[in-house]
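Chemist: See final_15.csv below, with CSV, C-alpha atoms and all ligand atoms.
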```csv
chain,number,residue,atom,x,y,z
A,12,MET,CA,49.8,-221.5,156.2
A,13,ALA,CA,53.1,-220.1,157.2
A,14,VAL,CA,56.1,-221.7,155.7
A,15,THR,CA,58.1,-223.9,158.1
A,16,GLU,CA,61.9,-224.3,158.5
A,17,THR,CA,61.5,-228.0,157.4
A,18,GLN,CA,59.9,-226.9,154.1
A,19,VAL,CA,62.8,-224.5,153.5
A,20,ILE,CA,65.4,-227.1,154.3
A,21,GLU,CA,63.7,-229.7,152.1
A,22,ALA,CA,63.6,-227.2,149.2
A,23,LEU,CA,67.3,-226.5,149.6
A,24,ARG,CA,68.2,-230.2,149.8
A,25,ALA,CA,66.8,-230.6,146.2
A,26,ILE,CA,69.4,-228.2,144.8
A,27,ARG,CA,72.6,-229.9,143.5
A,28,MET,CA,75.9,-228.1,143.7
A,29,PRO,CA,78.2,-228.3,140.6
A,30,GLN,CA,80.7,-230.3,142.6
A,31,GLY,CA,78.0,-232.6,143.8
A,32,GLY,CA,76.0,-232.8,147.1
A,33,ASP,CA,73.7,-230.2,148.5
A,34,ILE,CA,74.2,-227.1,150.7
A,35,VAL,CA,72.2,-228.6,153.6
A,36,ALA,CA,74.2,-231.8,153.8
A,37,ALA,CA,77.4,-229.8,153.4
A,38,GLY,CA,76.4,-227.7,156.4
A,39,MET,CA,76.7,-224.5,154.4
A,40,VAL,CA,73.4,-222.9,155.4
A,41,SER,CA,73.7,-220.4,158.2
A,42,GLY,CA,71.7,-217.7,159.9
A,43,LEU,CA,68.3,-219.0,158.7
A,44,ALA,CA,65.5,-216.8,159.8
A,45,LEU,CA,61.8,-217.0,159.0
A,46,ARG,CA,59.1,-214.4,159.9
A,47,ASP,CA,55.7,-213.8,158.4
A,48,GLY,CA,56.7,-215.3,155.1
A,49,HIS,CA,60.0,-213.4,154.9
A,50,ILE,CA,63.0,-215.7,154.8
A,51,SER,CA,66.7,-215.1,154.9
A,52,PHE,CA,69.8,-217.1,155.2
A,53,ALA,CA,73.4,-217.2,154.0
A,54,ILE,CA,75.3,-219.9,152.2
A,55,GLU,CA,78.9,-220.1,153.6
A,56,VAL,CA,81.4,-220.7,150.8
A,57,ASN,CA,85.1,-220.7,150.3
A,58,PRO,CA,85.7,-217.2,148.7
A,59,ALA,CA,87.4,-218.8,145.7
A,60,GLN,CA,84.2,-220.8,145.0
A,61,ALA,CA,82.0,-217.7,145.0
A,62,PRO,CA,81.6,-217.5,141.1
A,63,VAL,CA,80.8,-221.2,140.9
A,64,MET,CA,78.3,-220.9,143.8
A,65,GLU,CA,76.4,-217.9,142.5
A,66,PRO,CA,74.1,-220.1,140.4
A,67,VAL,CA,73.4,-222.2,143.5
A,68,ARG,CA,72.5,-219.1,145.4
A,69,LYS,CA,70.1,-218.0,142.7
A,70,ALA,CA,68.6,-221.4,142.6
A,71,ALA,CA,68.2,-221.5,146.4
A,72,GLU,CA,66.5,-218.0,146.3
A,73,LYS,CA,64.1,-219.2,143.6
A,74,ALA,CA,63.3,-222.5,145.3
A,75,VAL,CA,62.5,-220.8,148.6
A,76,THR,CA,60.5,-218.0,146.9
A,77,ASP,CA,58.5,-220.6,145.1
A,78,LEU,CA,57.3,-222.2,148.3
A,79,PRO,CA,53.7,-221.4,149.1
A,80,GLY,CA,53.3,-218.5,151.6
A,81,VAL,CA,56.7,-217.0,151.0
A,82,LEU,CA,56.7,-213.3,150.4
A,83,SER,CA,60.4,-212.6,150.1
A,84,ALA,CA,63.7,-214.5,150.3
A,85,THR,CA,67.1,-212.9,150.8
A,86,VAL,CA,70.0,-215.3,150.2
A,87,VAL,CA,73.6,-214.2,150.3
A,88,LEU,CA,76.9,-215.9,149.8
A,89,THR,CA,79.2,-215.3,152.7
A,90,ALA,CA,82.9,-216.1,153.1
A,91,HIS,CA,83.4,-219.3,155.0
A,92,ARG,CA,85.4,-217.6,157.6
A,93,ALA,CA,84.0,-218.0,161.1
A,94,ALA,CA,83.6,-215.1,163.5
A,95,PRO,CA,85.7,-216.8,166.2
A,96,GLN,CA,88.6,-216.8,163.7
A,97,THR,CA,88.0,-213.1,163.1
A,98,ALA,CA,88.1,-212.6,166.9
A,99,GLN,CA,91.3,-214.5,167.1
A,100,ARG,CA,92.9,-212.6,164.4
A,101,ALA,CA,91.6,-209.4,165.8
A,102,SER,CA,93.0,-210.1,169.3
A,103,GLY,CA,95.6,-207.6,170.4
A,104,PRO,CA,98.0,-208.5,173.1
A,105,GLN,CA,96.9,-205.9,175.6
A,106,ARG,CA,93.7,-203.9,176.5
A,107,PRO,CA,93.9,-200.2,176.7
A,108,HIS,CA,94.0,-197.9,179.7
A,109,GLY,CA,93.9,-200.7,182.2
A,110,HIS,CA,91.4,-199.1,184.6
A,111,GLY,CA,90.7,-202.5,186.1
A,112,HIS,CA,87.1,-202.5,184.7
A,113,ALA,CA,88.0,-204.0,181.4
A,114,GLN,CA,88.0,-207.7,182.4
A,115,PRO,CA,85.3,-209.8,180.8
A,116,GLY,CA,82.8,-210.8,183.5
A,117,GLY,CA,84.0,-208.0,185.7
A,118,ASN,CA,82.1,-204.8,185.1
A,119,ARG,CA,80.5,-206.2,182.0
A,120,LEU,CA,76.8,-205.5,181.8
A,121,ASN,CA,74.7,-208.6,182.0
A,122,LEU,CA,72.0,-208.4,179.4
A,123,PRO,CA,70.6,-211.9,179.2
A,124,GLY,CA,67.6,-211.1,177.0
A,125,ILE,CA,69.7,-209.7,174.2
A,126,LYS,CA,71.4,-212.4,172.1
A,127,HIS,CA,73.8,-210.2,170.2
A,128,ILE,CA,74.9,-206.6,170.5
A,129,ILE,CA,76.7,-205.0,167.6
A,130,ALA,CA,78.3,-201.6,167.3
A,131,VAL,CA,78.1,-199.5,164.1
A,132,ALA,CA,81.1,-197.3,164.0
A,133,SER,CA,83.0,-194.9,161.8
A,134,GLY,CA,86.3,-193.2,161.9
A,135,LYS,CA,84.8,-189.7,161.4
A,136,GLY,CA,81.4,-188.0,161.2
A,137,GLY,CA,79.2,-187.5,158.1
A,138,VAL,CA,80.0,-190.8,156.4
A,139,GLY,CA,76.4,-192.0,156.9
A,140,LYS,CA,76.9,-194.2,159.9
A,141,SER,CA,73.5,-193.3,161.5
A,142,THR,CA,71.7,-193.8,158.2
A,143,THR,CA,73.4,-197.1,157.8
A,144,ALA,CA,72.6,-198.2,161.4
A,145,ALA,CA,68.9,-197.3,161.0
A,146,ASN,CA,68.6,-199.1,157.7
A,147,LEU,CA,70.6,-202.1,158.9
A,148,ALA,CA,68.4,-202.4,162.0
A,149,LEU,CA,65.3,-202.3,159.9
A,150,ALA,CA,66.7,-204.8,157.4
A,151,LEU,CA,67.6,-207.2,160.2
A,152,HIS,CA,63.9,-206.9,161.3
A,153,VAL,CA,62.6,-207.4,157.7
A,154,ASN,CA,64.9,-210.5,157.5
A,155,GLY,CA,63.0,-212.0,160.4
A,156,LEU,CA,64.7,-210.9,163.6
A,157,LYS,CA,63.7,-209.2,166.8
A,158,VAL,CA,65.7,-206.0,166.7
A,159,GLY,CA,66.5,-203.0,169.0
A,160,LEU,CA,68.4,-199.8,168.0
A,161,LEU,CA,70.4,-198.0,170.6
A,162,ASP,CA,71.5,-194.5,169.7
A,163,ALA,CA,74.8,-194.4,171.6
A,164,ASP,CA,75.7,-191.0,170.2
A,165,VAL,CA,74.9,-189.0,173.3
A,166,TYR,CA,76.7,-185.9,171.8
A,167,GLY,CA,74.5,-185.7,168.7
A,168,PRO,CA,71.7,-188.2,168.7
A,169,SER,CA,70.1,-188.7,165.3
A,170,GLN,CA,68.0,-191.8,165.6
A,171,PRO,CA,64.8,-190.1,166.9
A,172,ARG,CA,64.8,-188.2,163.5
A,173,MET,CA,65.9,-191.1,161.3
A,174,MET,CA,63.4,-193.6,162.9
A,175,GLY,CA,60.6,-191.0,163.0
A,176,VAL,CA,60.1,-191.2,166.7
A,177,LYS,CA,59.1,-188.4,169.0
A,178,GLY,CA,58.2,-188.1,172.6
A,179,ARG,CA,59.5,-189.3,175.9
A,180,PRO,CA,59.8,-192.9,177.1
A,181,THR,CA,57.6,-193.9,180.0
A,182,SER,CA,58.3,-196.2,182.9
A,183,LYS,CA,55.9,-198.7,184.4
A,184,ASP,CA,57.7,-199.2,187.7
A,185,GLY,CA,59.7,-196.0,188.0
A,186,LYS,CA,62.9,-197.9,187.6
A,187,VAL,CA,63.1,-199.2,184.0
A,188,MET,CA,62.2,-197.2,180.9
A,189,GLU,CA,60.1,-198.6,178.1
A,190,PRO,CA,61.9,-198.2,174.8
A,191,MET,CA,60.2,-196.2,172.1
A,192,GLU,CA,59.1,-198.2,169.1
A,193,ASN,CA,58.6,-197.6,165.3
A,194,HIS,CA,58.7,-199.6,162.1
A,195,GLY,CA,58.6,-202.7,164.2
A,196,ILE,CA,61.8,-202.1,166.2
A,197,LYS,CA,62.6,-200.8,169.7
A,198,VAL,CA,64.6,-197.6,169.8
A,199,MET,CA,66.3,-195.8,172.6
A,200,SER,CA,68.2,-192.5,172.4
A,201,MET,CA,69.5,-189.7,174.6
A,202,GLY,CA,67.5,-187.6,172.2
A,203,PHE,CA,64.3,-188.7,173.9
A,204,LEU,CA,65.5,-187.7,177.3
A,205,ILE,CA,67.1,-184.2,176.8
A,206,ASP,CA,65.9,-181.3,174.7
A,207,GLU,CA,67.8,-180.8,171.5
A,208,GLU,CA,68.5,-177.2,172.4
A,209,THR,CA,70.0,-178.1,175.8
A,210,PRO,CA,73.7,-177.7,175.6
A,211,MET,CA,75.3,-180.7,177.2
A,212,ILE,CA,79.0,-181.2,178.0
A,213,TRP,CA,79.7,-184.8,178.3
A,214,ARG,CA,82.7,-185.9,180.4
A,215,GLY,CA,84.0,-189.4,180.3
A,216,PRO,CA,82.3,-190.8,183.4
A,217,MET,CA,79.0,-189.3,182.4
A,218,VAL,CA,79.2,-190.9,179.0
A,219,MET,CA,79.8,-194.2,180.7
A,220,SER,CA,76.9,-193.8,183.0
A,221,ALA,CA,74.5,-192.7,180.2
A,222,ILE,CA,75.4,-195.6,178.0
A,223,THR,CA,75.1,-198.0,180.9
A,224,GLN,CA,71.6,-196.7,181.7
A,225,LEU,CA,70.4,-196.8,178.1
A,226,LEU,CA,71.4,-200.4,178.1
A,227,ARG,CA,70.6,-201.7,181.6
A,228,ASP,CA,67.7,-199.5,182.7
A,229,VAL,CA,65.6,-200.0,179.5
A,230,ALA,CA,63.1,-202.8,179.1
A,231,TRP,CA,64.5,-204.1,175.9
A,232,GLY,CA,62.8,-207.5,176.4
A,233,ASP,CA,64.0,-210.4,174.3
A,234,LEU,CA,66.0,-209.3,171.3
A,235,ASP,CA,67.9,-211.3,168.7
A,236,ILE,CA,70.1,-208.3,168.0
A,237,LEU,CA,70.7,-204.8,169.4
A,238,VAL,CA,72.3,-202.4,166.9
A,239,CYS,CA,74.2,-199.6,168.6
A,240,ASP,CA,74.9,-196.4,166.6
A,241,LEU,CA,78.2,-195.1,168.0
A,242,PRO,CA,79.4,-191.5,167.7
A,243,PRO,CA,82.2,-191.1,165.2
A,244,GLY,CA,85.8,-191.6,166.1
A,245,THR,CA,87.5,-193.4,169.0
A,246,GLY,CA,86.4,-191.6,172.2
A,247,ASP,CA,84.8,-192.4,175.6
A,248,THR,CA,81.7,-194.1,174.1
A,249,GLN,CA,83.8,-196.5,172.1
A,250,LEU,CA,85.9,-197.3,175.2
A,251,THR,CA,82.8,-197.8,177.4
A,252,MET,CA,81.1,-200.0,174.8
A,253,SER,CA,84.1,-202.2,174.2
A,254,GLN,CA,85.0,-202.6,177.8
A,255,ASN,CA,81.6,-202.8,179.6
A,256,VAL,CA,79.3,-204.1,177.0
A,257,PRO,CA,79.3,-207.7,175.8
A,258,LEU,CA,79.7,-206.8,172.1
A,259,SER,CA,79.4,-209.6,169.6
A,260,GLY,CA,81.2,-207.4,167.0
A,261,ALA,CA,81.6,-204.1,165.3
A,262,VAL,CA,80.7,-202.9,161.8
A,263,ILE,CA,82.7,-200.1,160.3
A,264,VAL,CA,81.0,-197.7,157.9
A,265,SER,CA,83.3,-195.8,155.6
A,266,THR,CA,83.1,-193.7,152.4
A,267,PRO,CA,85.6,-194.6,149.7
A,268,GLN,CA,87.7,-191.5,150.3
A,269,ASP,CA,87.8,-191.7,154.1
A,270,ILE,CA,89.2,-195.2,154.1
A,271,ALA,CA,91.9,-193.8,151.9
A,272,LEU,CA,92.5,-191.1,154.5
A,273,LEU,CA,93.0,-193.6,157.3
A,274,ASP,CA,90.0,-192.5,159.3
A,275,ALA,CA,88.3,-195.9,159.1
A,276,LYS,CA,91.5,-197.7,159.9
A,277,LYS,CA,91.7,-196.0,163.2
A,278,GLY,CA,88.2,-197.4,164.1
A,279,LEU,CA,89.2,-200.8,162.9
A,280,ASN,CA,92.4,-200.8,164.9
A,281,MET,CA,90.6,-199.6,168.0
A,282,PHE,CA,88.2,-202.5,168.0
A,283,ARG,CA,91.0,-205.0,167.3
A,284,LYS,CA,92.9,-203.7,170.3
A,285,VAL,CA,90.0,-204.2,172.7
A,286,ASP,CA,89.3,-207.7,171.3
A,287,VAL,CA,86.0,-206.9,169.7
A,288,PRO,CA,85.6,-208.9,166.4
A,289,VAL,CA,85.3,-206.6,163.4
A,290,LEU,CA,82.4,-208.1,161.4
A,291,GLY,CA,83.3,-206.1,158.3
A,292,ILE,CA,83.3,-202.9,156.5
A,293,ILE,CA,80.4,-201.2,154.6
A,294,GLU,CA,81.2,-198.7,151.9
A,295,ASN,CA,78.7,-195.9,152.0
A,296,MET,CA,78.3,-193.3,149.3
A,297,SER,CA,80.1,-195.8,147.2
A,298,TYR,CA,79.1,-194.4,143.8
A,299,PHE,CA,76.6,-191.8,142.6
A,300,ALA,CA,73.5,-193.1,140.8
A,301,CYS,CA,72.1,-190.2,138.7
A,302,PRO,CA,68.4,-189.9,139.4
A,303,ASN,CA,67.7,-188.5,136.0
A,304,CYS,CA,69.7,-190.7,133.5
A,305,GLY,CA,70.6,-193.6,135.8
A,306,HIS,CA,74.3,-193.1,134.9
A,307,ARG,CA,76.7,-194.3,137.5
A,308,SER,CA,79.7,-192.1,138.5
A,309,ASP,CA,82.4,-193.3,140.8
A,310,ILE,CA,83.1,-189.8,142.2
A,311,PHE,CA,85.0,-191.1,145.2
A,312,ALA,CA,87.2,-193.7,143.6
A,313,HIS,CA,84.7,-196.4,144.4
A,314,GLY,CA,86.0,-199.7,145.6
A,315,GLY,CA,88.5,-198.4,148.2
A,316,ALA,CA,86.8,-200.0,151.1
A,317,ARG,CA,86.7,-203.4,149.4
A,318,ARG,CA,90.4,-203.2,148.7
A,319,GLU,CA,91.3,-202.0,152.2
A,320,ALA,CA,89.1,-204.7,153.8
A,321,GLU,CA,91.0,-207.3,151.9
A,322,ARG,CA,94.3,-205.8,152.9
A,323,PHE,CA,93.2,-205.7,156.6
A,324,GLY,CA,91.9,-209.2,156.5
A,325,VAL,CA,88.3,-208.2,157.4
A,326,ASP,CA,85.2,-208.9,155.4
A,327,PHE,CA,83.7,-206.5,153.0
A,328,LEU,CA,80.0,-206.5,153.7
A,329,GLY,CA,78.7,-204.5,150.8
A,330,GLU,CA,78.3,-201.1,149.2
A,331,ILE,CA,75.5,-198.5,149.3
A,332,PRO,CA,75.4,-195.7,146.6
A,333,LEU,CA,75.1,-192.0,147.2
A,334,ASP,CA,71.5,-191.5,146.3
A,335,ILE,CA,69.1,-188.6,147.2
A,336,THR,CA,66.3,-191.1,148.1
A,337,ILE,CA,68.5,-192.6,150.8
A,338,ARG,CA,69.0,-189.1,152.3
A,339,GLU,CA,65.4,-188.0,152.0
A,340,THR,CA,63.9,-191.1,153.5
A,341,SER,CA,66.2,-191.4,156.4
A,342,ASP,CA,66.2,-187.7,157.3
A,343,GLY,CA,62.4,-187.9,157.0
A,344,GLY,CA,61.9,-190.7,159.5
A,345,HIS,CA,61.1,-193.5,157.0
A,346,PRO,CA,64.4,-195.1,156.0
A,347,ILE,CA,64.5,-196.7,152.5
A,348,VAL,CA,64.3,-200.3,153.8
A,349,VAL,CA,60.8,-199.6,155.0
A,350,SER,CA,59.6,-196.8,152.7
A,351,ASP,CA,60.7,-198.4,149.4
A,352,PRO,CA,61.4,-202.1,150.2
A,353,LYS,CA,61.4,-203.0,146.5
A,354,SER,CA,64.3,-200.7,145.6
A,355,PRO,CA,67.8,-202.0,144.9
A,356,HIS,CA,69.1,-200.0,147.8
A,357,ALA,CA,66.7,-201.7,150.3
A,358,ALA,CA,67.8,-205.0,148.9
A,359,ALA,CA,71.5,-204.0,149.4
A,360,TYR,CA,70.8,-203.2,153.1
A,361,ARG,CA,69.0,-206.5,153.5
A,362,GLU,CA,71.9,-208.4,152.0
A,363,ILE,CA,74.4,-206.7,154.3
A,364,ALA,CA,72.1,-207.4,157.2
A,365,GLN,CA,72.0,-211.0,156.3
A,366,ARG,CA,75.8,-211.3,156.0
A,367,ILE,CA,76.1,-209.8,159.5
A,368,TRP,CA,73.5,-212.1,161.0
A,369,ALA,CA,75.1,-215.2,159.3
A,370,LYS,CA,78.4,-214.3,160.9
A,371,LEU,CA,76.8,-213.9,164.3
A,372,ALA,CA,74.5,-216.9,164.1
A,373,GLY,CA,77.3,-219.0,162.4
A,374,ALA,CA,79.6,-218.3,165.3
A,375,GLN,CA,76.8,-219.2,167.7
A,376,ALA,CA,76.0,-222.5,165.9
A,377,ARG,CA,79.5,-223.6,166.7
A,378,GLN,CA,78.9,-222.9,170.4
A,379,GLY,CA,75.3,-223.9,170.8
A,380,PRO,CA,72.0,-224.5,169.1
A,381,ARG,CA,71.1,-222.5,166.0
A,382,ILE,CA,68.3,-219.9,166.4
A,383,VAL,CA,65.3,-220.0,164.1
A,384,ILE,CA,62.6,-217.4,164.5
A,385,GLN,CA,59.1,-218.4,163.4
B,401,LIG,P1,77.0,-189.9,160.4
B,401,LIG,O1,76.2,-190.7,161.3
B,401,LIG,O2,78.2,-190.7,159.8
B,401,LIG,O3,77.5,-188.6,160.9
B,401,LIG,P2,74.6,-189.6,158.9
B,401,LIG,O4,74.0,-190.9,158.8
B,401,LIG,O5,74.0,-188.6,159.8
B,401,LIG,O6,76.1,-189.6,159.1
B,401,LIG,O7,74.5,-189.0,157.4
B,401,LIG,C1,74.9,-187.7,157.1
B,401,LIG,C2,74.0,-187.2,156.0
B,401,LIG,O8,74.2,-187.9,154.8
B,401,LIG,C3,72.5,-187.3,156.3
B,401,LIG,O9,71.8,-186.2,155.8
B,401,LIG,C4,72.1,-188.6,155.5
B,401,LIG,O10,70.8,-188.6,155.1
B,401,LIG,C5,73.0,-188.5,154.3
B,401,LIG,N1,73.4,-189.9,153.8
B,401,LIG,C6,73.9,-190.9,154.4
B,401,LIG,N2,74.1,-192.0,153.6
B,401,LIG,C7,73.7,-191.6,152.3
B,401,LIG,C8,73.6,-192.2,151.0
B,401,LIG,N3,74.1,-193.4,150.8
B,401,LIG,N4,73.1,-191.4,150.0
B,401,LIG,C9,72.7,-190.1,150.2
B,401,LIG,N5,72.7,-189.5,151.4
B,401,LIG,C10,73.2,-190.2,152.5
```
Using the file provided, produce a representation of the structure as structure tokens.
Ligand code: ADP

Modeler:
Amino acid sequence: MAVTETQVIEALRAIRMPQGGDIVAAGMVSGLALRDGHISFAIEVNPAQAPVMEPVRKAAEKAVTDLPGVLSATVVLTAHRAAPQTAQRASGPQRPHGHGHAQPGGNRLNLPGIKHIIAVASGKGGVGKSTTAANLALALHVNGLKVGLLDADVYGPSQPRMMGVKGRPTSKDGKVMEPMENHGIKVMSMGFLIDEETPMIWRGPMVMSAITQLLRDVAWGDLDILVCDLPPGTGDTQLTMSQNVPLSGAVIVSTPQDIALLDAKKGLNMFRKVDVPVLGIIENMSYFACPNCGHRSDIFAHGGARREAERFGVDFLGEIPLDITIRETSDGGHPIVVSDPKSPHAAAYREIAQRIWAKLAGAQARQGPRIVIQ
């Protein structure tokens, strides 16, 4: 028998908080998702209360894991700071370039089957943005959601390789393309449509049209979340995405040293200017875990992203170490979240995914009904 939402809620009600009461009655559970015995949710806390609430998180994870039929439970603490507030804080006074197509509801694509679209961005290339996007998409799926992955990097698509997908998409009606699929998620990339060797020069309007087609002319079906892997920097794709696509938010991937070099800040500021809520920063290649002795070296002054996130008033979503298994698995088409789900790195991606989903679902709960997938 599959575990039900009611059983999960009842198990959580039984856990007392140090200050009294329970997390269900206090309305602190957000982003609950259930699929095939895999359960994930977040507990929204006041950041100052995080140390006190850690035992409650552990107790919640154990209580849910102990329910019959549960295979895994991912429970994270997340700052009780709602996405709408982030949006407000992120709002800039003006929109860039003023081409007239930037108005919400104007040229915005209407994608009713997709509940949330998020952008994964970075200030510069080579920080592991595509690797992070692939693992995040897979982690969101493992956490119980219906997920799509759009490779919006038309200049250098890498998702076909990372997701281990080859071939060309087909079309049933000659109008709409079927997305490719692997590891349980739908994938679309310019890499499926043009040969890798074909040199392509992309001008602004072409980028806009390509992105629009990859979103609008693909049979994505019903998705809880579409993860978009953006090219690095702040170019035409970012502009198109932020102006024409109803983005729920953006996630910035950064290495510790590049945040220090301002590159990630550029990305952050760009999304703020165009009113896209920044959901938080992920520090990739955060520290080096020696595969031989297990020794941990902070080669890039680890912790920079956390400090900068605090300074910028955005959430720090988590850190991923520099580890050869992460490189080998993603470059080999079997990202670590699926190839080694028991590894601490896979768990780190699942926790980050859950924090992101809690922010999105939390924001939605305030506007409408909460989504539970069974
Ligand atoms: P970007 O999209 O930012 O250009 P990629 O995701 O393509 O970067 O990553 C660049 C290279 O670094 C790839 O070979 C990838 O496998 C590797 N890589 C990314 N993240 C990590 C990590 N945490 N540990 C080890 N290698 C990584």

Chemist: Within 7 Å of ligand LIG 401 (chain B), which residues of chain A come that close, and what is the closest atom pair and distance in Å for each? Count only C-alpha atoms and all ligand atoms and give it as a Markdown table.

Modeler:
```
| residue | atom | partner | partner_atom | distance |
| --- | --- | --- | --- | --- |
| A:Ser133 | CA | B:LIG401 | O2 | 6.7 |
| A:Lys135 | CA | B:LIG401 | O2 | 6.9 |
| A:Gly136 | CA | B:LIG401 | O3 | 4.0 |
| A:Gly137 | CA | B:LIG401 | O3 | 3.5 |
| A:Val138 | CA | B:LIG401 | O2 | 3.8 |
| A:Gly139 | CA | B:LIG401 | O4 | 3.3 |
| A:Lys140 | CA | B:LIG401 | O2 | 3.7 |
| A:Ser141 | CA | B:LIG401 | O4 | 3.6 |
| A:Thr142 | CA | B:LIG401 | O4 | 3.7 |
| A:Thr143 | CA | B:LIG401 | O4 | 6.3 |
| A:Ser169 | CA | B:LIG401 | O5 | 6.7 |
| A:Pro243 | CA | B:LIG401 | O2 | 6.7 |
| A:Asn295 | CA | B:LIG401 | N3 | 5.4 |
| A:Met296 | CA | B:LIG401 | N3 | 4.5 |
| A:Ile331 | CA | B:LIG401 | N3 | 5.5 |
| A:Pro332 | CA | B:LIG401 | N3 | 5.0 |
| A:Leu333 | CA | B:LIG401 | N4 | 3.5 |
| A:Asp334 | CA | B:LIG401 | N4 | 4.0 |
| A:Ile335 | CA | B:LIG401 | C9 | 4.9 |
| A:Thr336 | CA | B:LIG401 | C9 | 6.8 |
| A:Ile337 | CA | B:LIG401 | N4 | 4.8 |
| A:Arg338 | CA | B:LIG401 | O10 | 3.4 |
| A:Glu339 | CA | B:LIG401 | O10 | 6.3 |
| A:Ser341 | CA | B:LIG401 | O10 | 5.5 |
| A:Asp342 | CA | B:LIG401 | O10 | 5.2 |
```

Chemist: To one decimal in Å, tell me the separation between atom CA of Ala53 of chain A and atom CA of Pro352 of chain A.

Modeler: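 Atom CA of Ala53 of chain A sits 19.7 Å away from atom CA of Pro352 of chain A.
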
Chemist: Asp184 of chain A: which residues within 12 Å, counting only C-alpha atoms, same-chain residues fewer than 6 positions away excluded, as a PyMOL selection string?

Modeler: chain A and resi 228-230

Chemist: Can you find the residues with an atom no farther than 12 Å from (87.2, -216.2, 147.5), counting all atoms listed in the file, and report them as a VMD selection string?

Modeler: chain A and resid 55 to 64 88 to 92 321 326 to 327

Chemist: Which residue, A:Ala145, A:Leu120, A:Met199, A:Leu161, has the smallest gap to Arg179 of chain A when you use all atoms listed in the file?

Modeler: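 Result for the nearest residue to Arg179 of chain A: A:Met199.
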
Chemist: Give the answer as one residue: which of A:Asn193, A:Ser182, A:Thr340, A:Asn146 has the shortest atom-to-atom distance to Ala364 of chain A, using all atoms listed in the file?

Modeler: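 Under the stated criterion, the closest residue is A:Asn146.
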
Chemist: For a quick check of understanding, using only C-alpha atoms, which of A:Gly48, A:Pro288, A:Gly232, A:Gly343 has the smallest distance to Leu82 of chain A?

Modeler: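 Among A:Gly48, A:Pro288, A:Gly232, A:Gly343, it is A:Gly48 that comes nearest to Leu82 of chain A.
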
Chemist: Between atom CA of Ile125 of chain A and atom CA of Gly155 of chain A, what is the spacing in Å?

Modeler: 15.5 Å

Chemist: For a quick check of understanding, using only C-alpha atoms, which of A:Gly344, A:Gly134, A:Gly159, A:Gly329 has the smallest distance to His356 of chain A?

Modeler: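 The answer is A:Gly329, which sits nearest to His356 of chain A.
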
Chemist: Which residue out of A:Asn154, A:Gln254, A:Gln224, A:Ser259 has the minimum interatomic distance to Val348 of chain A when only C-alpha atoms are used?

Modeler: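 Closest candidate: A:Asn154.
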
Chemist: I need the residue nearest Ile363 of chain A from this list: A:Val285, A:Leu147, A:Val35, A:Val67. Use only C-alpha atoms for the distance.

Modeler: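 Smallest distance to Ile363 of chain A is found for A:Leu147.
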
Chemist: Suppose you want the space between atom CA of Val158 of chain A and atom CA of Val238 of chain A; what is it in Å?

Modeler: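 Atom CA of Val238 of chain A lies at a distance of 7.5 Å from atom CA of Val158 of chain A.
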
Chemist: Could you pull the residues within 8 Å of Val14 of chain A, counting all atoms listed in the file, minus those fewer than 6 positions along the same chain, as a VMD selection string?

Modeler: chain A and resid 48 78 to 81
